[in-house]
Structure formats: structure tokens, C-alpha cells
file run.cif (mmCIF, C-alpha atoms)
data_work
loop_
_atom_site.group_PDB
_atom_site.id
_atom_site.type_symbol
_atom_site.label_atom_id
_atom_site.label_comp_id
_atom_site.auth_asym_id
_atom_site.auth_seq_id
_atom_site.Cartn_x
_atom_site.Cartn_y
_atom_site.Cartn_z
ATOM 1 C CA GLY T 143 -0.102 -46.417 -11.146
ATOM 2 C CA MET T 144 0.018 -43.292 -13.212
ATOM 3 C CA ILE T 145 -3.098 -41.833 -14.809
ATOM 4 C CA VAL T 146 -2.198 -39.568 -17.715
ATOM 5 C CA ALA T 147 -4.336 -36.489 -18.252
ATOM 6 C CA SER T 148 -4.292 -36.618 -22.025
ATOM 7 C CA LEU T 149 -4.111 -33.785 -24.482
ATOM 8 C CA THR T 150 -6.521 -33.107 -27.302
ATOM 9 C CA PRO T 151 -4.735 -32.808 -30.648
ATOM 10 C CA PHE T 152 -6.187 -30.477 -33.260
ATOM 11 C CA ARG T 153 -5.890 -30.207 -37.026
ATOM 12 C CA PRO T 154 -4.808 -26.890 -38.591
ATOM 13 C CA ASP T 155 -8.494 -26.104 -39.245
ATOM 14 C CA GLY T 156 -9.286 -26.402 -35.509
ATOM 15 C CA SER T 157 -11.086 -29.752 -35.650
ATOM 16 C CA VAL T 158 -10.151 -32.605 -33.328
ATOM 17 C CA ASN T 159 -7.527 -34.906 -34.836
ATOM 18 C CA VAL T 160 -8.965 -38.339 -33.995
ATOM 19 C CA GLU T 161 -6.054 -40.154 -35.656
ATOM 20 C CA ALA T 162 -3.627 -38.304 -33.383
ATOM 21 C CA VAL T 163 -5.773 -39.257 -30.358
ATOM 22 C CA HIS T 164 -5.362 -42.884 -31.431
ATOM 23 C CA ALA T 165 -1.600 -42.475 -31.867
ATOM 24 C CA HIS T 166 -1.231 -40.789 -28.465
ATOM 25 C CA VAL T 167 -3.202 -43.511 -26.673
ATOM 26 C CA GLU T 168 -1.161 -46.153 -28.502
ATOM 27 C CA PHE T 169 2.031 -44.455 -27.276
ATOM 28 C CA LEU T 170 0.699 -44.450 -23.696
ATOM 29 C CA ALA T 171 -0.454 -48.075 -23.843
ATOM 30 C CA THR T 172 2.848 -49.220 -25.317
ATOM 31 C CA GLY T 173 4.659 -47.343 -22.561
ATOM 32 C CA GLY T 174 2.772 -49.271 -19.887
ATOM 33 C CA ILE T 175 0.509 -46.473 -18.664
ATOM 34 C CA PRO T 176 -2.453 -48.113 -16.873
ATOM 35 C CA ALA T 177 -5.016 -45.321 -17.315
ATOM 36 C CA VAL T 178 -5.760 -42.177 -19.283
ATOM 37 C CA ALA T 179 -8.083 -39.252 -18.501
ATOM 38 C CA PRO T 180 -9.269 -37.470 -21.665
ATOM 39 C CA ALA T 181 -11.411 -34.322 -21.906
ATOM 40 C CA GLY T 182 -10.067 -32.603 -18.795
ATOM 41 C CA THR T 183 -8.123 -29.375 -18.402
ATOM 42 C CA THR T 184 -5.047 -30.740 -20.215
ATOM 43 C CA GLY T 185 -7.447 -31.817 -22.962
ATOM 44 C CA GLU T 186 -8.763 -28.242 -23.266
ATOM 45 C CA PHE T 187 -12.355 -29.268 -22.493
ATOM 46 C CA LEU T 188 -13.529 -25.661 -22.270
ATOM 47 C CA TYR T 189 -12.697 -25.164 -25.936
ATOM 48 C CA LEU T 190 -14.488 -28.282 -27.137
ATOM 49 C CA SER T 191 -18.163 -28.672 -27.892
ATOM 50 C CA GLU T 192 -20.008 -31.514 -26.176
ATOM 51 C CA ASP T 193 -19.887 -33.473 -29.427
ATOM 52 C CA GLU T 194 -16.125 -32.964 -29.676
ATOM 53 C CA ARG T 195 -15.596 -34.036 -26.056
ATOM 54 C CA ALA T 196 -17.688 -37.142 -26.659
ATOM 55 C CA ALA T 197 -15.670 -37.864 -29.829
ATOM 56 C CA VAL T 198 -12.366 -37.540 -27.933
ATOM 57 C CA VAL T 199 -13.597 -39.960 -25.266
ATOM 58 C CA HIS T 200 -14.877 -42.389 -27.896
ATOM 59 C CA ALA T 201 -11.575 -42.258 -29.804
ATOM 60 C CA THR T 202 -9.639 -42.772 -26.573
ATOM 61 C CA VAL T 203 -11.695 -45.817 -25.559
ATOM 62 C CA GLU T 204 -11.422 -47.213 -29.078
ATOM 63 C CA ALA T 205 -7.636 -46.832 -29.108
ATOM 64 C CA ALA T 206 -7.260 -48.132 -25.547
ATOM 65 C CA ALA T 207 -8.952 -51.363 -26.629
ATOM 66 C CA GLY T 208 -9.060 -52.613 -23.057
ATOM 67 C CA ARG T 209 -5.296 -52.216 -22.580
ATOM 68 C CA LEU T 210 -5.636 -49.219 -20.292
ATOM 69 C CA LYS T 211 -8.509 -47.737 -18.298
ATOM 70 C CA VAL T 212 -10.278 -44.612 -19.541
ATOM 71 C CA ILE T 213 -11.566 -42.088 -17.010
ATOM 72 C CA ALA T 214 -13.501 -39.529 -19.062
ATOM 73 C CA GLY T 215 -13.986 -35.859 -18.252
ATOM 74 C CA ILE T 216 -17.682 -34.917 -18.262
ATOM 75 C CA TRP T 217 -17.735 -31.265 -17.228
ATOM 76 C CA ALA T 218 -20.468 -29.116 -18.786
ATOM 77 C CA LEU T 219 -22.178 -25.844 -17.950
ATOM 78 C CA ASP T 220 -25.206 -27.582 -16.499
ATOM 79 C CA VAL T 221 -26.385 -30.929 -15.181
ATOM 80 C CA ASP T 222 -28.112 -31.792 -18.460
ATOM 81 C CA GLY T 223 -24.813 -31.399 -20.307
ATOM 82 C CA VAL T 224 -23.023 -33.445 -17.645
ATOM 83 C CA GLY T 225 -25.648 -36.137 -18.161
ATOM 84 C CA ARG T 226 -25.230 -36.161 -21.927
ATOM 85 C CA LEU T 227 -21.446 -36.455 -21.593
ATOM 86 C CA ALA T 228 -21.727 -39.143 -18.910
ATOM 87 C CA ARG T 229 -24.051 -41.200 -21.102
ATOM 88 C CA ALA T 230 -21.728 -40.728 -24.093
ATOM 89 C CA ALA T 231 -18.777 -41.916 -21.969
ATOM 90 C CA GLU T 232 -20.775 -44.950 -20.866
ATOM 91 C CA ALA T 233 -21.819 -45.731 -24.435
ATOM 92 C CA ALA T 234 -18.212 -45.423 -25.597
ATOM 93 C CA GLY T 235 -17.106 -47.922 -22.954
ATOM 94 C CA ALA T 236 -15.248 -45.639 -20.524
ATOM 95 C CA ASP T 237 -14.352 -47.189 -17.184
ATOM 96 C CA ALA T 238 -15.147 -44.129 -15.042
ATOM 97 C CA VAL T 239 -15.807 -40.393 -15.277
ATOM 98 C CA PHE T 240 -14.395 -37.331 -13.553
ATOM 99 C CA LEU T 241 -16.058 -33.990 -13.003
ATOM 100 C CA THR T 242 -14.690 -30.663 -11.859
ATOM 101 C CA THR T 243 -16.654 -28.407 -9.578
ATOM 102 C CA PRO T 244 -18.891 -25.681 -10.984
ATOM 103 C CA ILE T 245 -16.544 -23.093 -12.468
ATOM 104 C CA TYR T 246 -16.043 -19.340 -12.571
ATOM 105 C CA TYR T 247 -18.668 -18.176 -10.062
ATOM 106 C CA PRO T 248 -17.991 -18.942 -6.384
ATOM 107 C CA ALA T 249 -20.158 -21.782 -5.070
ATOM 108 C CA SER T 250 -20.867 -22.832 -1.499
ATOM 109 C CA ASP T 251 -20.018 -26.275 -0.169
ATOM 110 C CA GLU T 252 -23.721 -27.080 -0.376
ATOM 111 C CA ALA T 253 -23.786 -26.141 -4.072
ATOM 112 C CA VAL T 254 -20.736 -28.345 -4.716
ATOM 113 C CA LEU T 255 -22.447 -31.243 -2.904
ATOM 114 C CA GLN T 256 -25.582 -30.810 -5.019
ATOM 115 C CA TRP T 257 -23.496 -30.637 -8.221
ATOM 116 C CA TYR T 258 -21.927 -34.025 -7.561
ATOM 117 C CA ARG T 259 -25.175 -35.548 -6.318
ATOM 118 C CA ALA T 260 -26.884 -34.478 -9.541
ATOM 119 C CA ALA T 261 -24.028 -35.943 -11.593
ATOM 120 C CA ARG T 262 -24.231 -39.235 -9.681
ATOM 121 C CA LYS T 263 -27.835 -39.594 -10.870
ATOM 122 C CA GLN T 264 -26.669 -39.282 -14.481
ATOM 123 C CA THR T 265 -24.361 -42.315 -14.677
ATOM 124 C CA GLY T 266 -23.691 -45.741 -13.305
ATOM 125 C CA LEU T 267 -19.956 -45.357 -13.935
ATOM 126 C CA PRO T 268 -17.622 -44.649 -11.014
ATOM 127 C CA LEU T 269 -17.539 -40.869 -10.489
ATOM 128 C CA TYR T 270 -14.422 -38.989 -9.408
ATOM 129 C CA ALA T 271 -14.565 -35.451 -8.070
ATOM 130 C CA TYR T 272 -11.977 -33.196 -9.717
ATOM 131 C CA ASN T 273 -10.401 -30.533 -7.523
ATOM 132 C CA ILE T 274 -8.623 -27.792 -9.469
ATOM 133 C CA PRO T 275 -9.601 -24.556 -7.700
ATOM 134 C CA GLN T 276 -6.816 -22.523 -9.312
ATOM 135 C CA TYR T 277 -8.803 -22.729 -12.567
ATOM 136 C CA ALA T 278 -12.333 -23.579 -11.462
ATOM 137 C CA VAL T 279 -12.521 -21.002 -8.621
ATOM 138 C CA ASN T 280 -14.306 -23.633 -6.522
ATOM 139 C CA GLY T 281 -12.773 -26.600 -4.776
ATOM 140 C CA VAL T 282 -13.786 -29.822 -3.100
ATOM 141 C CA SER T 283 -13.288 -29.214 0.604
ATOM 142 C CA ILE T 284 -12.420 -32.065 2.941
ATOM 143 C CA PRO T 285 -15.889 -31.920 4.593
ATOM 144 C CA VAL T 286 -17.537 -32.074 1.145
ATOM 145 C CA LEU T 287 -15.322 -34.986 0.120
ATOM 146 C CA ASN T 288 -16.158 -36.825 3.335
ATOM 147 C CA GLN T 289 -19.888 -36.342 2.728
ATOM 148 C CA LEU T 290 -19.665 -37.430 -0.912
ATOM 149 C CA VAL T 291 -17.686 -40.532 0.024
ATOM 150 C CA GLU T 292 -19.951 -41.387 2.963
ATOM 151 C CA GLU T 293 -23.071 -41.320 0.810
ATOM 152 C CA GLY T 294 -21.415 -43.180 -2.083
ATOM 153 C CA THR T 295 -21.679 -40.278 -4.496
ATOM 154 C CA VAL T 296 -18.014 -40.369 -5.536
ATOM 155 C CA GLN T 297 -15.577 -43.219 -5.729
ATOM 156 C CA GLY T 298 -12.504 -41.012 -5.585
ATOM 157 C CA ILE T 299 -10.975 -37.622 -6.179
ATOM 158 C CA LYS T 300 -8.541 -36.222 -8.724
ATOM 159 C CA ASP T 301 -6.577 -33.367 -7.184
ATOM 160 C CA SER T 302 -4.588 -30.958 -9.326
ATOM 161 C CA THR T 303 -3.594 -28.388 -6.734
ATOM 162 C CA GLY T 304 0.011 -29.564 -6.770
ATOM 163 C CA LYS T 305 0.155 -29.137 -3.000
ATOM 164 C CA ALA T 306 1.692 -31.992 -0.997
ATOM 165 C CA ASP T 307 -0.141 -31.005 2.193
ATOM 166 C CA ARG T 308 -3.471 -31.109 0.337
ATOM 167 C CA ILE T 309 -2.704 -34.586 -1.000
ATOM 168 C CA GLN T 310 -1.907 -35.759 2.523
ATOM 169 C CA GLU T 311 -5.215 -34.289 3.764
ATOM 170 C CA LEU T 312 -7.044 -36.148 0.997
ATOM 171 C CA LEU T 313 -5.278 -39.415 1.756
ATOM 172 C CA ASP T 314 -6.136 -39.023 5.446
ATOM 173 C CA ALA T 315 -9.768 -38.176 4.639
ATOM 174 C CA ALA T 316 -10.127 -41.002 2.120
ATOM 175 C CA ALA T 317 -8.568 -43.443 4.610
ATOM 176 C CA GLY T 318 -8.543 -46.215 2.020
ATOM 177 C CA ARG T 319 -12.276 -45.843 1.311
ATOM 178 C CA VAL T 320 -11.804 -44.253 -2.111
ATOM 179 C CA SER T 321 -9.006 -43.571 -4.594
ATOM 180 C CA VAL T 322 -6.999 -40.359 -4.623
ATOM 181 C CA TYR T 323 -5.162 -39.394 -7.773
#
call {"tool": "encode", "arguments": {"input": "run.cif", "output": "C-alpha cells"}}
result
Amino acid sequence: GMIVASLTPFRPDGSVNVEAVHAHVEFLATGGIPAVAPAGTTGEFLYLSEDERAAVVHATVEAAAGRLKVIAGIWALDVDGVGRLARAAEAAGADAVFLTTPIYYPASDEAVLQWYRAARKQTGLPLYAYNIPQYAVNGVSIPVLNQLVEEGTVQGIKDSTGKADRIQELLDAAAGRVSVY
């Protein structure tokens, strides 16, 4: 089914509008959406503090009330921040987490592997790699995905390249072992 990358609504003063998060999740649940992914690029995670991201995830889980799955974005500048966000997502009751690659500075495949391995140690929730190289600069290559899947580090991948050939490569690489969305 469809997983909606949810927005983060703001009040005129710039604070997160938790009531609007609730209303948006209610709209999605009523519409039959099976899952929502808050605190990602659509949710403007780069402009939110860790506390605000955690609050968005908490509000989303609260509003979902078990009617739809919540896959929470946990990107942070460093592994400690990723850990704090992962633990906050777990405490809120999220069903899984997703994490983009390190951003801005080019990273090797080995650095991307280590990033996800470090994140895996931070949470017991299913972890999805998030491939959005057009914004992150770095991507999750097929060899990296294969390694992460083989060792059980990730349980799937979220790809936002918008490229049909890339999706087919991911589906072929995943070969039914993990989810691709």
C-alpha cells in the first residue's frame, strides 16, 4: 500500500502545530492510508530541532492510534542524535524508522555502511535506508544495500529518486528479502 511522507504544519510563530498533525493523520487514516512517514524531507526535518522532530513523531503515533503504521524519520547530524531520535520514536510507539544517508559532504560506500550499522545499534525497530541523493548528496548504492540486507542491518529501503530504472534495480536487489518503498 501507499506510505505517505507527511508534512509538518507550523503555526504563524514558527512552532510545530501539533493539532494540525493530528488532523492530517486523521485525514490519512480516514482515507484508508496504511502508513505514514513523518519527519522526513517532506516534513522539513532539517528545519526542526530534535525535540520538534520527536514531538512530530509522538503526535503522529498518538493520532494514528494503531489505525495506520508510523515509520519515523530519525536523521541527525551524528550517530548520537540518530540514537536519541530512534529512542524517542520507540518510546512514542512508532512501528519502524527510516534514515537518510549522511548529507552534504560526499561519503564513500564504506562510510554509508558504517552510518547504517551505527544506527542499527541504536534501535530495535525495523530500520529503512532512505535514498534521496538529489538532496543528501550521498546515495545507497546497490552493493551497499545488498550488504546491509545480508547482514540484517536494514529491513528495507525508501527511494525518492523518482527513477523507474532505479526502482527496478532495487526490486531486483531486494528479491523479496526486504521491502522497497
call {"tool": "resolve_selection", "arguments": {"input": "run.cif", "expression": "the PyMOL selection byres ((chain T and resi 171-188) around 6)", "output": "CSV table (one decimal) with C-alpha atoms, keeping the file's coordinate frame"}}
result
chain,number,residue,atom,x,y,z
T,145,ILE,CA,-3.1,-41.8,-14.8
T,146,VAL,CA,-2.2,-39.6,-17.7
T,147,ALA,CA,-4.3,-36.5,-18.3
T,148,SER,CA,-4.3,-36.6,-22.0
T,149,LEU,CA,-4.1,-33.8,-24.5
T,150,THR,CA,-6.5,-33.1,-27.3
T,168,GLU,CA,-1.2,-46.2,-28.5
T,169,PHE,CA,2.0,-44.5,-27.3
T,170,LEU,CA,0.7,-44.4,-23.7
T,189,TYR,CA,-12.7,-25.2,-25.9
T,190,LEU,CA,-14.5,-28.3,-27.1
T,195,ARG,CA,-15.6,-34.0,-26.1
T,210,LEU,CA,-5.6,-49.2,-20.3
T,211,LYS,CA,-8.5,-47.7,-18.3
T,212,VAL,CA,-10.3,-44.6,-19.5
T,213,ILE,CA,-11.6,-42.1,-17.0
T,214,ALA,CA,-13.5,-39.5,-19.1
T,215,GLY,CA,-14.0,-35.9,-18.3
call {"tool": "atom_distance", "arguments": {"input": "run.cif", "atom1": "atom CA of T:Met144", "atom2": "atom CA of T:Gln276"}}
result
22.2 Å
call {"tool": "closest_residue", "arguments": {"input": "run.cif", "among": "T:Gly225, T:Pro154, T:Pro268, T:Gly298", "to": "T:Asp237", "atoms": "all atoms listed in the file"}}
result
T:Pro268
call {"tool": "atom_distance", "arguments": {"input": "run.cif", "atom1": "atom CA of T:Val198", "atom2": "atom CA of T:Ala165"}}
result
12.5 Å
call {"tool": "atom_distance", "arguments": {"input": "run.cif", "atom1": "atom CA of T:Thr243", "atom2": "atom CA of T:Ser283"}}
result
10.8 Å
call {"tool": "residues_near_point", "arguments": {"input": "run.cif", "point": "(-27.4, -36.3, -12.6)", "cutoff": "9 Å", "atoms": "all atoms listed in the file", "output": "list in words"}}
result
Val221, Asp222, Val224, Gly225, Ala228, Trp257, Tyr258, Arg259, Ala260, Ala261, Arg262, Lys263, Gln264 and Thr265 of chain T
call {"tool": "resolve_selection", "arguments": {"input": "run.cif", "expression": "the PyMOL selection byres ((chain T and resi 289) around 12)", "output": "PDB file with C-alpha atoms, in the frame of the given file"}}
result
ATOM      1  CA  ASP T 251     -20.018 -26.275  -0.169  1.00  0.00           C
ATOM      2  CA  GLU T 252     -23.721 -27.080  -0.376  1.00  0.00           C
ATOM      3  CA  VAL T 254     -20.736 -28.345  -4.716  1.00  0.00           C
ATOM      4  CA  LEU T 255     -22.447 -31.243  -2.904  1.00  0.00           C
ATOM      5  CA  GLN T 256     -25.582 -30.810  -5.019  1.00  0.00           C
ATOM      6  CA  TYR T 258     -21.927 -34.025  -7.561  1.00  0.00           C
ATOM      7  CA  ARG T 259     -25.175 -35.548  -6.318  1.00  0.00           C
ATOM      8  CA  VAL T 282     -13.786 -29.822  -3.100  1.00  0.00           C
ATOM      9  CA  SER T 283     -13.288 -29.214   0.604  1.00  0.00           C
ATOM     10  CA  ILE T 284     -12.420 -32.065   2.941  1.00  0.00           C
ATOM     11  CA  PRO T 285     -15.889 -31.920   4.593  1.00  0.00           C
ATOM     12  CA  VAL T 286     -17.537 -32.074   1.145  1.00  0.00           C
ATOM     13  CA  LEU T 287     -15.322 -34.986   0.120  1.00  0.00           C
ATOM     14  CA  ASN T 288     -16.158 -36.825   3.335  1.00  0.00           C
ATOM     15  CA  LEU T 290     -19.665 -37.430  -0.912  1.00  0.00           C
ATOM     16  CA  VAL T 291     -17.686 -40.532   0.024  1.00  0.00           C
ATOM     17  CA  GLU T 292     -19.951 -41.387   2.963  1.00  0.00           C
ATOM     18  CA  GLU T 293     -23.071 -41.320   0.810  1.00  0.00           C
ATOM     19  CA  GLY T 294     -21.415 -43.180  -2.083  1.00  0.00           C
ATOM     20  CA  THR T 295     -21.679 -40.278  -4.496  1.00  0.00           C
ATOM     21  CA  VAL T 296     -18.014 -40.369  -5.536  1.00  0.00           C
ATOM     22  CA  GLN T 297     -15.577 -43.219  -5.729  1.00  0.00           C
ATOM     23  CA  ALA T 315      -9.768 -38.176   4.639  1.00  0.00           C
ATOM     24  CA  ALA T 316     -10.127 -41.002   2.120  1.00  0.00           C
TER      25      ALA T 316
END
call {"tool": "closest_residue", "arguments": {"input": "run.cif", "among": "T:Pro151, T:Gly156, T:Pro244, T:Gly281", "to": "T:Ile299", "atoms": "all atoms listed in the file"}}
result
T:Gly281
